[in-house]
Amino acid sequence: MDKKTSAILSYALGWLTGIIFLFMGKNDPDVKFHAAQSIVFFGAVSVLNTVLSIVGSLLGALGIIFSLAGLAVAVFAVVIWIRAMVQANNTGGVRAQLPIVGKFIAPYADQLADSVK
(Lines give C-alpha, C1' and ligand atoms only; values in the text may rest on other atoms or scores of the structure.)
Protein backbone atom coordinates (compact mmCIF):
# COMPACT_ATOMS: atom_id res chain seq x y z
CA MET A 1 0.00 0.00 0.00
CA ASP A 2 1.37 3.44 -0.84
CA LYS A 3 2.10 6.20 1.65
CA LYS A 4 -0.86 8.39 0.68
CA THR A 5 -3.45 5.62 1.02
CA SER A 6 -1.96 4.42 4.30
CA ALA A 7 -1.98 7.94 5.74
CA ILE A 8 -5.62 8.46 4.79
CA LEU A 9 -6.71 5.07 6.09
CA SER A 10 -4.93 5.60 9.41
CA TYR A 11 -7.72 8.10 10.19
CA ALA A 12 -10.60 6.10 8.68
CA LEU A 13 -11.87 4.50 11.91
CA GLY A 14 -10.15 6.77 14.40
CA TRP A 15 -7.81 5.23 16.93
CA LEU A 16 -8.65 1.68 15.77
CA THR A 17 -7.12 2.10 12.30
CA GLY A 18 -4.44 4.24 13.90
CA ILE A 19 -3.29 1.20 15.89
CA ILE A 20 -3.37 -1.00 12.81
CA PHE A 21 -1.33 1.38 10.66
CA LEU A 22 1.09 2.18 13.47
CA PHE A 23 2.33 -1.40 13.19
CA MET A 24 1.73 -1.92 9.46
CA GLY A 25 3.51 1.29 8.49
CA LYS A 26 6.56 0.78 10.66
CA ASN A 27 8.88 1.15 7.67
CA ASP A 28 7.56 4.62 6.84
CA PRO A 29 7.94 7.33 9.50
CA ASP A 30 5.27 9.53 7.89
CA VAL A 31 2.63 6.79 8.02
CA LYS A 32 3.61 6.01 11.61
CA PHE A 33 3.20 9.71 12.47
CA HIS A 34 -0.30 9.87 10.93
CA ALA A 35 -1.28 6.66 12.72
CA ALA A 36 0.07 7.87 16.05
CA GLN A 37 -1.63 11.22 15.60
CA SER A 38 -4.92 9.40 14.96
CA ILE A 39 -4.46 7.31 18.11
CA VAL A 40 -3.64 10.31 20.30
CA PHE A 41 -6.42 12.58 19.03
CA PHE A 42 -9.26 10.10 18.68
CA GLY A 43 -8.24 8.26 21.84
CA ALA A 44 -8.43 11.53 23.77
CA VAL A 45 -11.82 12.29 22.21
CA SER A 46 -13.10 8.83 23.20
CA VAL A 47 -11.92 9.23 26.78
CA LEU A 48 -13.36 12.75 27.04
CA ASN A 49 -16.74 11.67 25.69
CA THR A 50 -16.82 8.71 28.08
CA VAL A 51 -16.06 10.95 31.06
CA LEU A 52 -18.66 13.51 29.97
CA SER A 53 -21.23 10.73 29.59
CA ILE A 54 -20.53 9.24 33.02
CA VAL A 55 -20.52 12.58 34.82
CA GLY A 56 -23.65 13.66 32.94
CA SER A 57 -25.51 10.52 33.94
CA LEU A 58 -24.62 11.06 37.59
CA LEU A 59 -25.93 14.63 37.68
CA GLY A 60 -29.47 13.95 36.59
CA ALA A 61 -31.12 17.09 35.17
CA LEU A 62 -27.81 19.00 35.12
CA GLY A 63 -26.40 16.22 32.98
CA ILE A 64 -27.87 17.85 29.89
CA ILE A 65 -24.99 20.33 30.00
CA PHE A 66 -22.49 17.48 29.85
CA SER A 67 -24.49 15.81 27.08
CA LEU A 68 -24.35 19.01 25.05
CA ALA A 69 -20.62 19.29 25.71
CA GLY A 70 -20.21 15.69 24.51
CA LEU A 71 -22.15 16.53 21.37
CA ALA A 72 -19.91 19.55 20.74
CA VAL A 73 -16.80 17.38 21.18
CA ALA A 74 -18.21 14.79 18.76
CA VAL A 75 -18.98 17.43 16.11
CA PHE A 76 -15.49 18.89 16.54
CA ALA A 77 -13.98 15.41 16.16
CA VAL A 78 -15.91 14.76 12.94
CA VAL A 79 -14.68 18.06 11.49
CA ILE A 80 -11.07 17.22 12.41
CA TRP A 81 -11.52 13.67 11.08
CA ILE A 82 -12.64 14.90 7.65
CA ARG A 83 -9.95 17.59 7.50
CA ALA A 84 -7.27 15.07 8.53
CA MET A 85 -8.15 12.71 5.70
CA VAL A 86 -8.33 15.55 3.17
CA GLN A 87 -4.99 16.91 4.40
CA ALA A 88 -3.36 13.46 4.19
CA ASN A 89 -4.64 13.19 0.62
CA ASN A 90 -3.47 16.66 -0.37
CA THR A 91 0.02 16.19 1.07
CA GLY A 92 0.46 12.76 -0.48
CA GLY A 93 0.83 11.15 2.93
CA VAL A 94 3.77 13.28 4.01
CA ARG A 95 3.91 14.13 7.72
CA ALA A 96 1.44 16.91 8.52
CA GLN A 97 -0.07 18.00 11.81
CA LEU A 98 -3.79 17.82 12.33
CA PRO A 99 -5.59 21.09 11.74
CA ILE A 100 -6.34 23.17 14.85
CA VAL A 101 -5.07 20.66 17.46
CA GLY A 102 -1.91 19.43 15.73
CA LYS A 103 0.52 21.63 17.60
CA PHE A 104 -0.75 20.27 20.91
CA ILE A 105 -0.73 16.57 20.08
CA ALA A 106 2.16 16.30 17.61
CA PRO A 107 4.81 15.84 20.34
CA TYR A 108 2.85 12.91 21.80
CA ALA A 109 2.32 11.45 18.34
CA ASP A 110 6.06 11.68 17.68
CA GLN A 111 6.83 9.85 20.92
CA LEU A 112 4.31 7.11 20.14
CA ALA A 113 5.51 6.73 16.55
CA ASP A 114 9.14 6.53 17.67
CA SER A 115 8.35 3.89 20.29
CA VAL A 116 7.24 1.34 17.65
CA LYS A 117 10.19 -0.25 15.90
# chains A, B, ... in the order shown; residues from 1 in each chain; ligands from 1
$ select_by_dssp --residues "chain A" --states "helix (DSSP H, G or I)" --output "ChimeraX atom specification"
/A:3-9,15-24,29-58,60-90,102-115
$ residues_around --residues "Trp81 of chain A" --least-positions-apart "4" --cutoff "7 Å" --atoms "only C-alpha atoms" --output "list in words"
Tyr11, Ala77 and Met85 of chain A
$ closest_residue --among "A:Val116, A:Val55, A:Ala72, A:Leu62" --to "Ile20 of chain A" --atoms "only C-alpha atoms"
A:Val116
$ closest_residue --among "A:Phe33, A:Phe76, A:Phe21, A:Trp15" --to "Ala96 of chain A" --atoms "only C-alpha atoms"
A:Phe33
$ decode --residues "segment 49-60 of chain A" --atoms "N, CA, C and O atoms" --output "short mmCIF file (atom, residue, chain, number, x, y, z; two decimals), in the first residue's frame"
data_model
loop_
_atom_site.label_atom_id
_atom_site.label_comp_id
_atom_site.auth_asym_id
_atom_site.auth_seq_id
_atom_site.Cartn_x
_atom_site.Cartn_y
_atom_site.Cartn_z
N ASN A 49 -15.31 11.93 25.84
CA ASN A 49 -16.74 11.67 25.69
C ASN A 49 -17.25 10.66 26.71
O ASN A 49 -18.37 10.78 27.21
N THR A 50 -16.43 9.68 27.05
CA THR A 50 -16.82 8.71 28.08
C THR A 50 -16.96 9.39 29.44
O THR A 50 -17.94 9.16 30.17
N VAL A 51 -16.00 10.23 29.78
CA VAL A 51 -16.06 10.95 31.06
C VAL A 51 -17.27 11.88 31.10
O VAL A 51 -18.00 11.93 32.11
N LEU A 52 -17.50 12.62 30.02
CA LEU A 52 -18.66 13.51 29.97
C LEU A 52 -19.97 12.73 30.12
O LEU A 52 -20.90 13.18 30.79
N SER A 53 -20.03 11.56 29.51
CA SER A 53 -21.23 10.73 29.59
C SER A 53 -21.46 10.22 31.01
O SER A 53 -22.58 10.27 31.53
N ILE A 54 -20.41 9.76 31.65
CA ILE A 54 -20.53 9.24 33.02
C ILE A 54 -20.92 10.35 33.99
O ILE A 54 -21.85 10.20 34.79
N VAL A 55 -20.21 11.47 33.92
CA VAL A 55 -20.52 12.58 34.82
C VAL A 55 -21.93 13.10 34.55
O VAL A 55 -22.68 13.39 35.49
N GLY A 56 -22.31 13.19 33.28
CA GLY A 56 -23.65 13.66 32.94
C GLY A 56 -24.73 12.75 33.47
O GLY A 56 -25.78 13.22 33.92
N SER A 57 -24.50 11.45 33.44
CA SER A 57 -25.51 10.52 33.94
C SER A 57 -25.64 10.57 35.46
O SER A 57 -26.69 10.27 36.01
N LEU A 58 -24.58 10.97 36.14
CA LEU A 58 -24.62 11.06 37.59
C LEU A 58 -25.30 12.33 38.09
O LEU A 58 -25.74 12.39 39.24
N LEU A 59 -25.39 13.34 37.25
CA LEU A 59 -25.93 14.63 37.68
C LEU A 59 -27.41 14.82 37.41
O LEU A 59 -27.96 15.87 37.74
N GLY A 60 -28.04 13.85 36.82
CA GLY A 60 -29.47 13.95 36.59
C GLY A 60 -29.81 15.06 35.61
O GLY A 60 -29.33 15.08 34.48
#
